[in-house]
>>> print(open('model.csv').read())   # CSV, N, CA and C atoms and all ligand atoms
chain,number,residue,atom,x,y,z
G,1,MET,N,0.8,-1.2,0.0
G,1,MET,CA,0.0,0.0,0.0
G,1,MET,C,0.9,1.2,0.0
G,2,SER,N,0.5,2.2,-0.8
G,2,SER,CA,1.3,3.4,-0.9
G,2,SER,C,1.1,4.4,0.3
G,3,TYR,N,2.0,5.2,0.6
G,3,TYR,CA,1.9,6.1,1.8
G,3,TYR,C,0.7,7.0,1.7
G,4,TYR,N,0.4,7.5,0.5
G,4,TYR,CA,-0.8,8.3,0.4
G,4,TYR,C,-1.8,7.5,-0.5
G,5,GLN,N,-3.0,7.6,-0.3
G,5,GLN,CA,-4.0,6.9,-1.1
G,5,GLN,C,-4.0,7.6,-2.5
G,6,ARG,N,-4.0,8.9,-2.5
G,6,ARG,CA,-4.0,9.7,-3.7
G,6,ARG,C,-3.1,10.9,-3.5
G,7,HIS,N,-2.4,11.2,-4.6
G,7,HIS,CA,-1.4,12.3,-4.6
G,7,HIS,C,-1.6,13.1,-5.8
G,8,ILE,N,-1.9,14.4,-5.6
G,8,ILE,CA,-2.1,15.3,-6.7
G,8,ILE,C,-1.0,16.4,-6.8
G,9,PHE,N,-0.4,16.6,-7.9
G,9,PHE,CA,0.6,17.5,-8.2
G,9,PHE,C,0.1,18.6,-9.1
G,10,PHE,N,0.3,19.9,-8.7
G,10,PHE,CA,-0.1,21.0,-9.5
G,10,PHE,C,1.2,21.7,-10.1
G,11,CYS,N,1.2,21.9,-11.4
G,11,CYS,CA,2.3,22.7,-11.9
G,11,CYS,C,2.1,24.1,-11.6
G,12,LEU,N,3.1,24.7,-10.9
G,12,LEU,CA,3.0,26.2,-10.6
G,12,LEU,C,4.1,26.9,-11.3
G,13,ASN,N,4.6,26.4,-12.3
G,13,ASN,CA,5.8,27.0,-13.0
G,13,ASN,C,5.5,28.4,-13.5
G,14,GLN,N,6.5,29.3,-13.1
G,14,GLN,CA,6.4,30.7,-13.6
G,14,GLN,C,7.6,30.9,-14.5
G,15,ARG,N,7.3,31.3,-15.8
G,15,ARG,CA,8.4,31.6,-16.7
G,15,ARG,C,8.6,33.1,-16.7
G,16,ILE,N,9.8,33.5,-16.8
G,16,ILE,CA,10.1,35.0,-16.9
G,16,ILE,C,10.6,35.4,-18.2
G,17,ASN,N,10.6,34.5,-19.2
G,17,ASN,CA,11.0,34.8,-20.5
G,17,ASN,C,9.9,35.1,-21.5
G,18,GLY,N,8.7,35.2,-20.9
G,18,GLY,CA,7.6,35.6,-21.8
G,18,GLY,C,6.8,34.4,-22.4
G,19,GLU,N,7.4,33.2,-22.2
G,19,GLU,CA,6.7,32.0,-22.7
G,19,GLU,C,5.5,31.7,-21.8
G,20,ASP,N,4.5,31.0,-22.4
G,20,ASP,CA,3.3,30.7,-21.6
G,20,ASP,C,3.7,29.7,-20.5
G,21,CYS,N,3.0,29.7,-19.4
G,21,CYS,CA,3.2,28.8,-18.3
G,21,CYS,C,2.0,28.7,-17.4
G,22,CYS,N,1.9,27.7,-16.6
G,22,CYS,CA,0.7,27.5,-15.8
G,22,CYS,C,0.5,28.6,-14.8
G,23,ALA,N,1.6,29.2,-14.3
G,23,ALA,CA,1.4,30.3,-13.3
G,23,ALA,C,0.6,31.5,-13.9
G,24,ASP,N,0.7,31.6,-15.2
G,24,ASP,CA,0.0,32.7,-15.9
G,24,ASP,C,-1.5,32.4,-16.1
G,25,HIS,N,-1.9,31.2,-15.7
G,25,HIS,CA,-3.3,30.8,-15.9
G,25,HIS,C,-4.0,30.3,-14.5
G,26,ASN,N,-3.7,31.1,-13.5
G,26,ASN,CA,-4.3,30.9,-12.2
G,26,ASN,C,-4.0,29.5,-11.5
G,27,ALA,N,-2.8,28.9,-11.8
G,27,ALA,CA,-2.5,27.6,-11.3
G,27,ALA,C,-2.4,27.7,-9.7
G,28,LYS,N,-1.9,28.8,-9.2
G,28,LYS,CA,-1.7,28.9,-7.8
G,28,LYS,C,-3.1,29.0,-7.1
G,29,GLU,N,-4.0,29.6,-7.7
G,29,GLU,CA,-5.4,29.7,-7.1
G,29,GLU,C,-6.0,28.3,-7.0
G,30,GLY,N,-5.8,27.5,-8.1
G,30,GLY,CA,-6.3,26.1,-8.1
G,30,GLY,C,-5.7,25.3,-7.0
G,31,PHE,N,-4.4,25.4,-6.9
G,31,PHE,CA,-3.6,24.7,-5.9
G,31,PHE,C,-4.1,25.0,-4.5
G,32,ASP,N,-4.1,26.3,-4.2
G,32,ASP,CA,-4.5,26.8,-2.9
G,32,ASP,C,-6.0,26.3,-2.5
G,33,HIS,N,-6.8,26.4,-3.5
G,33,HIS,CA,-8.2,25.9,-3.3
G,33,HIS,C,-8.2,24.4,-3.0
G,34,CYS,N,-7.5,23.7,-3.8
G,34,CYS,CA,-7.5,22.2,-3.6
G,34,CYS,C,-6.9,21.9,-2.2
G,35,LYS,N,-5.8,22.5,-1.9
G,35,LYS,CA,-5.2,22.3,-0.6
G,35,LYS,C,-6.2,22.5,0.6
G,36,ALA,N,-6.9,23.7,0.5
G,36,ALA,CA,-7.8,24.1,1.5
G,36,ALA,C,-9.0,23.1,1.6
G,37,ARG,N,-9.5,22.7,0.4
G,37,ARG,CA,-10.6,21.8,0.4
G,37,ARG,C,-10.3,20.4,1.0
G,38,VAL,N,-9.1,19.9,0.7
G,38,VAL,CA,-8.7,18.6,1.2
G,38,VAL,C,-8.5,18.7,2.7
G,39,LYS,N,-7.9,19.8,3.2
G,39,LYS,CA,-7.6,20.0,4.6
G,39,LYS,C,-9.0,20.1,5.4
G,40,ASP,N,-9.9,20.9,4.8
G,40,ASP,CA,-11.1,21.2,5.5
G,40,ASP,C,-12.0,19.9,5.6
G,41,ALA,N,-11.8,19.0,4.6
G,41,ALA,CA,-12.6,17.8,4.6
G,41,ALA,C,-11.9,16.7,5.5
G,42,GLY,N,-10.8,17.0,6.1
G,42,GLY,CA,-10.1,16.1,6.9
G,42,GLY,C,-9.4,14.9,6.1
G,43,LEU,N,-9.1,15.2,4.9
G,43,LEU,CA,-8.6,14.2,4.0
G,43,LEU,C,-7.1,14.2,3.9
G,44,ALA,N,-6.4,15.2,4.5
G,44,ALA,CA,-5.0,15.3,4.3
G,44,ALA,C,-4.2,14.4,5.3
G,45,GLY,N,-3.2,13.8,4.8
G,45,GLY,CA,-2.3,13.0,5.7
G,45,GLY,C,-2.1,11.6,5.1
G,46,PRO,N,-1.2,10.9,5.9
G,46,PRO,CA,-0.9,9.5,5.5
G,46,PRO,C,-2.1,8.6,5.3
G,47,GLY,N,-2.1,7.8,4.3
G,47,GLY,CA,-3.2,7.0,4.0
G,47,GLY,C,-4.4,7.7,3.4
G,48,GLN,N,-4.2,9.0,3.2
G,48,GLN,CA,-5.3,9.8,2.6
G,48,GLN,C,-4.8,10.5,1.4
G,49,VAL,N,-4.9,11.8,1.4
G,49,VAL,CA,-4.6,12.6,0.2
G,49,VAL,C,-3.4,13.6,0.5
G,50,ARG,N,-2.6,13.8,-0.5
G,50,ARG,CA,-1.5,14.8,-0.4
G,50,ARG,C,-1.6,15.7,-1.6
G,51,VAL,N,-1.5,17.0,-1.4
G,51,VAL,CA,-1.6,18.0,-2.5
G,51,VAL,C,-0.2,18.7,-2.5
G,52,ASN,N,0.5,18.6,-3.7
G,52,ASN,CA,1.8,19.1,-3.8
G,52,ASN,C,2.0,20.1,-5.0
G,53,LYS,N,2.9,21.0,-4.8
G,53,LYS,CA,3.3,21.9,-5.9
G,53,LYS,C,4.3,21.1,-6.7
G,54,ALA,N,4.4,21.5,-8.0
G,54,ALA,CA,5.4,20.9,-8.9
G,54,ALA,C,5.9,22.0,-9.8
G,55,GLY,N,7.1,21.7,-10.3
G,55,GLY,CA,7.6,22.6,-11.4
G,55,GLY,C,6.9,22.2,-12.7
G,56,CYS,N,7.5,22.6,-13.8
G,56,CYS,CA,6.9,22.3,-15.1
G,56,CYS,C,6.8,20.8,-15.3
G,57,LEU,N,5.6,20.4,-15.7
G,57,LEU,CA,5.4,19.0,-16.0
G,57,LEU,C,5.4,18.7,-17.5
G,58,ASP,N,5.8,19.6,-18.2
G,58,ASP,CA,6.1,19.5,-19.7
G,58,ASP,C,4.8,19.3,-20.5
G,59,ARG,N,3.7,19.7,-19.9
G,59,ARG,CA,2.4,19.6,-20.7
G,59,ARG,C,1.8,21.0,-20.7
G,60,CYS,N,2.6,22.0,-20.9
G,60,CYS,CA,2.3,23.4,-20.7
G,60,CYS,C,1.1,23.9,-21.7
G,61,ALA,N,1.0,23.3,-22.8
G,61,ALA,CA,0.0,23.7,-23.8
G,61,ALA,C,-1.4,23.5,-23.2
G,62,GLY,N,-1.6,22.7,-22.2
G,62,GLY,CA,-2.9,22.4,-21.6
G,62,GLY,C,-3.0,23.2,-20.3
G,63,GLY,N,-2.1,24.0,-19.9
G,63,GLY,CA,-2.1,24.6,-18.6
G,63,GLY,C,-3.3,25.5,-18.3
G,64,PRO,N,-3.6,25.5,-17.0
G,64,PRO,CA,-2.9,24.9,-15.9
G,64,PRO,C,-3.2,23.4,-15.8
G,65,VAL,N,-2.2,22.6,-15.4
G,65,VAL,CA,-2.4,21.2,-15.4
G,65,VAL,C,-2.1,20.6,-14.0
G,66,ALA,N,-2.7,19.5,-13.7
G,66,ALA,CA,-2.4,18.8,-12.4
G,66,ALA,C,-2.5,17.3,-12.8
G,67,VAL,N,-1.8,16.5,-12.0
G,67,VAL,CA,-1.9,15.0,-12.2
G,67,VAL,C,-2.1,14.3,-10.9
G,68,VAL,N,-3.0,13.3,-11.0
G,68,VAL,CA,-3.4,12.5,-9.8
G,68,VAL,C,-2.8,11.1,-9.9
G,69,TYR,N,-2.0,10.7,-8.8
G,69,TYR,CA,-1.5,9.3,-8.7
G,69,TYR,C,-2.2,8.7,-7.6
G,70,PRO,N,-2.4,7.3,-7.6
G,70,PRO,CA,-1.7,6.4,-8.5
G,70,PRO,C,-2.3,6.2,-9.9
G,71,GLU,N,-3.4,6.8,-10.1
G,71,GLU,CA,-4.1,6.6,-11.4
G,71,GLU,C,-3.3,7.2,-12.6
G,72,GLY,N,-2.5,8.2,-12.3
G,72,GLY,CA,-1.8,8.9,-13.4
G,72,GLY,C,-2.8,9.6,-14.3
G,73,THR,N,-3.8,10.2,-13.7
G,73,THR,CA,-4.8,11.0,-14.5
G,73,THR,C,-4.4,12.4,-14.6
G,74,TRP,N,-4.3,12.9,-15.8
G,74,TRP,CA,-4.0,14.3,-16.0
G,74,TRP,C,-5.2,15.2,-16.2
G,75,TYR,N,-5.2,16.4,-15.5
G,75,TYR,CA,-6.3,17.3,-15.6
G,75,TYR,C,-5.8,18.7,-16.1
G,76,THR,N,-6.8,19.3,-16.7
G,76,THR,CA,-6.7,20.8,-16.9
G,76,THR,C,-7.9,21.4,-16.3
G,77,PHE,N,-7.7,22.6,-15.8
G,77,PHE,CA,-8.8,23.2,-15.0
G,77,PHE,C,-8.9,24.7,-15.3
G,78,VAL,N,-10.0,25.3,-15.0
G,78,VAL,CA,-10.2,26.7,-15.3
G,78,VAL,C,-10.5,27.5,-13.9
G,79,ASP,N,-11.3,26.9,-13.1
G,79,ASP,CA,-11.7,27.7,-11.9
G,79,ASP,C,-11.9,26.8,-10.7
G,80,LYS,N,-12.3,27.4,-9.6
G,80,LYS,CA,-12.5,26.6,-8.4
G,80,LYS,C,-13.5,25.5,-8.4
G,81,SER,N,-14.5,25.8,-9.2
G,81,SER,CA,-15.6,24.7,-9.3
G,81,SER,C,-15.0,23.5,-10.0
G,82,ASP,N,-14.0,23.7,-10.9
G,82,ASP,CA,-13.4,22.5,-11.5
G,82,ASP,C,-12.6,21.7,-10.5
G,83,ILE,N,-11.9,22.5,-9.6
G,83,ILE,CA,-11.1,21.9,-8.5
G,83,ILE,C,-12.1,21.1,-7.6
G,84,ASP,N,-13.2,21.8,-7.3
G,84,ASP,CA,-14.2,21.1,-6.4
G,84,ASP,C,-14.6,19.7,-7.0
G,85,GLU,N,-14.8,19.7,-8.3
G,85,GLU,CA,-15.2,18.5,-8.9
G,85,GLU,C,-14.1,17.4,-8.8
G,86,ILE,N,-12.8,17.8,-9.0
G,86,ILE,CA,-11.7,16.9,-8.9
G,86,ILE,C,-11.6,16.3,-7.5
G,87,VAL,N,-11.8,17.2,-6.5
G,87,VAL,CA,-11.7,16.8,-5.1
G,87,VAL,C,-12.8,15.8,-4.8
G,88,ASP,N,-14.1,16.3,-5.1
G,88,ASP,CA,-15.2,15.5,-4.7
G,88,ASP,C,-15.3,14.1,-5.5
G,89,GLN,N,-15.0,14.2,-6.7
G,89,GLN,CA,-15.2,13.0,-7.5
G,89,GLN,C,-14.0,12.1,-7.6
G,90,HIS,N,-12.8,12.7,-7.8
G,90,HIS,CA,-11.6,11.8,-7.9
G,90,HIS,C,-10.9,11.6,-6.6
G,91,LEU,N,-10.5,12.6,-5.9
G,91,LEU,CA,-9.7,12.5,-4.7
G,91,LEU,C,-10.5,11.7,-3.6
G,92,ILE,N,-11.8,11.9,-3.5
G,92,ILE,CA,-12.6,11.3,-2.5
G,92,ILE,C,-13.2,10.0,-3.0
G,93,LYS,N,-13.8,10.0,-4.2
G,93,LYS,CA,-14.5,8.7,-4.7
G,93,LYS,C,-13.6,7.9,-5.6
G,94,GLY,N,-12.6,8.4,-6.1
G,94,GLY,CA,-11.7,7.6,-7.0
G,94,GLY,C,-12.3,7.5,-8.4
G,95,GLU,N,-13.2,8.4,-8.8
G,95,GLU,CA,-13.8,8.4,-10.1
G,95,GLU,C,-13.2,9.6,-11.0
G,96,VAL,N,-12.7,9.2,-12.2
G,96,VAL,CA,-12.1,10.2,-13.0
G,96,VAL,C,-13.2,11.3,-13.5
G,97,VAL,N,-12.8,12.5,-13.5
G,97,VAL,CA,-13.7,13.6,-14.0
G,97,VAL,C,-13.4,13.7,-15.5
G,98,GLU,N,-14.1,13.0,-16.3
G,98,GLU,CA,-13.8,12.9,-17.7
G,98,GLU,C,-13.7,14.2,-18.4
G,99,ARG,N,-14.6,15.1,-18.1
G,99,ARG,CA,-14.7,16.4,-18.8
G,99,ARG,C,-13.5,17.3,-18.6
G,100,LEU,N,-12.7,17.0,-17.6
G,100,LEU,CA,-11.5,17.8,-17.3
G,100,LEU,C,-10.2,17.1,-17.7
G,101,VAL,N,-10.3,15.9,-18.2
G,101,VAL,CA,-9.1,15.1,-18.6
G,101,VAL,C,-8.3,15.8,-19.7
G,102,LEU,N,-7.0,15.9,-19.5
G,102,LEU,CA,-6.1,16.5,-20.5
G,102,LEU,C,-5.9,15.5,-21.7
G,103,PRO,N,-6.2,15.8,-22.9
G,103,PRO,CA,-6.1,14.9,-24.0
G,103,PRO,C,-4.6,14.4,-24.1
G,104,PRO,N,-4.4,13.2,-24.4
G,104,PRO,CA,-3.0,12.6,-24.5
G,104,PRO,C,-2.1,13.4,-25.4
G,105,SER,N,-2.7,14.0,-26.4
G,105,SER,CA,-1.8,14.7,-27.4
G,105,SER,C,-1.3,16.0,-26.9
G,106,VAL,N,-1.7,16.5,-25.8
G,106,VAL,CA,-1.3,17.8,-25.3
G,106,VAL,C,0.1,17.7,-24.7
G,107,GLY,N,1.0,18.4,-25.2
G,107,GLY,CA,2.4,18.4,-24.6
G,107,GLY,C,2.9,19.8,-24.3
G,108,ARG,N,4.1,20.0,-24.6
G,108,ARG,CA,4.6,21.3,-24.3
G,108,ARG,C,4.2,22.4,-25.3
M,201,LIG,S1,4.5,25.3,-17.3
M,201,LIG,FE1,3.0,24.0,-16.4
M,201,LIG,S2,3.3,22.1,-17.5
M,201,LIG,FE2,4.9,23.4,-18.2
>>> encode(input="model.csv", output="structure tokens")
Amino acid sequence: MSYYQRHIFFCLNQRINGEDCCADHNAKEGFDHCKARVKDAGLAGPGQVRVNKAGCLDRCAGGPVAVVYPEGTWYTFVDKSDIDEIVDQHLIKGEVVERLVLPPSVGR
């Protein structure tokens, strides 16, 4: 059994060279909201859920992006309600939020 039941990583990469990046698309707001939701629900900790920051995950064209393990499900999101759906449906119930899944063809 893994240390965390589910582990979600948010790319918060900020580029200063003018290239597009997740930080320019409210990635931090999504991360903060997810972290707060998981904590408020009492889901944070060993055997449960961990929410982590990440650097560039090399799928910038779909940004902002996040990935959930152990399923390896990649998401793109727009606002807090998208994050709520990922928390309620995937992190809690283990069901993929199909409408937010990042298409496999999306890369850098
Ligand atoms: S900047 Fe977020 S995936 Fe590259």
>>> atom_distance(input="model.csv", atom1="atom N of Tyr3 (chain G)", atom2="atom N of Glu71 (chain G)")
12.1 Å
>>> select_by_dssp(input="model.csv", residues="region 14-102 of chain G", states="helix (DSSP H, G or I)", output="PyMOL selection string")
chain G and resi 22-25+27-40+60-62+80-92+98-100
>>> atom_distance(input="model.csv", atom1="CA of Ile86 (chain G)", atom2="CA of Cys34 (chain G)")
8.6 Å
>>> closest_residue(input="model.csv", among="G:Arg6, G:Arg37, G:Arg15, G:Arg50", to="ligand LIG 201 (chain M)", atoms="only N, CA and C atoms and all ligand atoms")
G:Arg15
>>> closest_residue(input="model.csv", among="G:Val67, G:Val96, G:Ile8, G:Cys21", to="ligand LIG 201 (chain M)", atoms="only C-alpha atoms and all ligand atoms")
G:Cys21
>>> residues_near_ligand(input="model.csv", ligand="ligand LIG 201 (chain M)", cutoff="7 Å", atoms="only N, CA and C atoms and all ligand atoms", output="PyMOL selection string")
chain G and resi 10-15+20-23+55-65+108
>>> atom_distance(input="model.csv", atom1="CA of His33 (chain G)", atom2="atom C of Asn17 (chain G)")
27.3 Å
>>> closest_residue(input="model.csv", among="G:Lys80, G:Lys35, G:Arg99, G:His25", to="Val51 (chain G)", atoms="only C-alpha atoms")
G:Lys35
>>> closest_residue(input="model.csv", among="G:Gln48, G:Val38, G:Lys93, G:Asn26", to="Val78 (chain G)", atoms="all atoms listed in the file")
G:Asn26
>>> closest_residue(input="model.csv", among="G:Asp24, G:Leu91, G:Tyr4, G:Val97", to="Val68 (chain G)", atoms="only C-alpha atoms")
G:Leu91
>>> closest_residue(input="model.csv", among="G:Val87, G:Ala54, G:Val106, G:Ala66", to="Ala36 (chain G)", atoms="only C-alpha atoms")
G:Val87
>>> select_by_dssp(input="model.csv", residues="chain G", states="strand (DSSP E or B)", output="VMD selection string")
chain G and resid 6 to 11 44 49 to 54 65 to 69 73 to 76 101
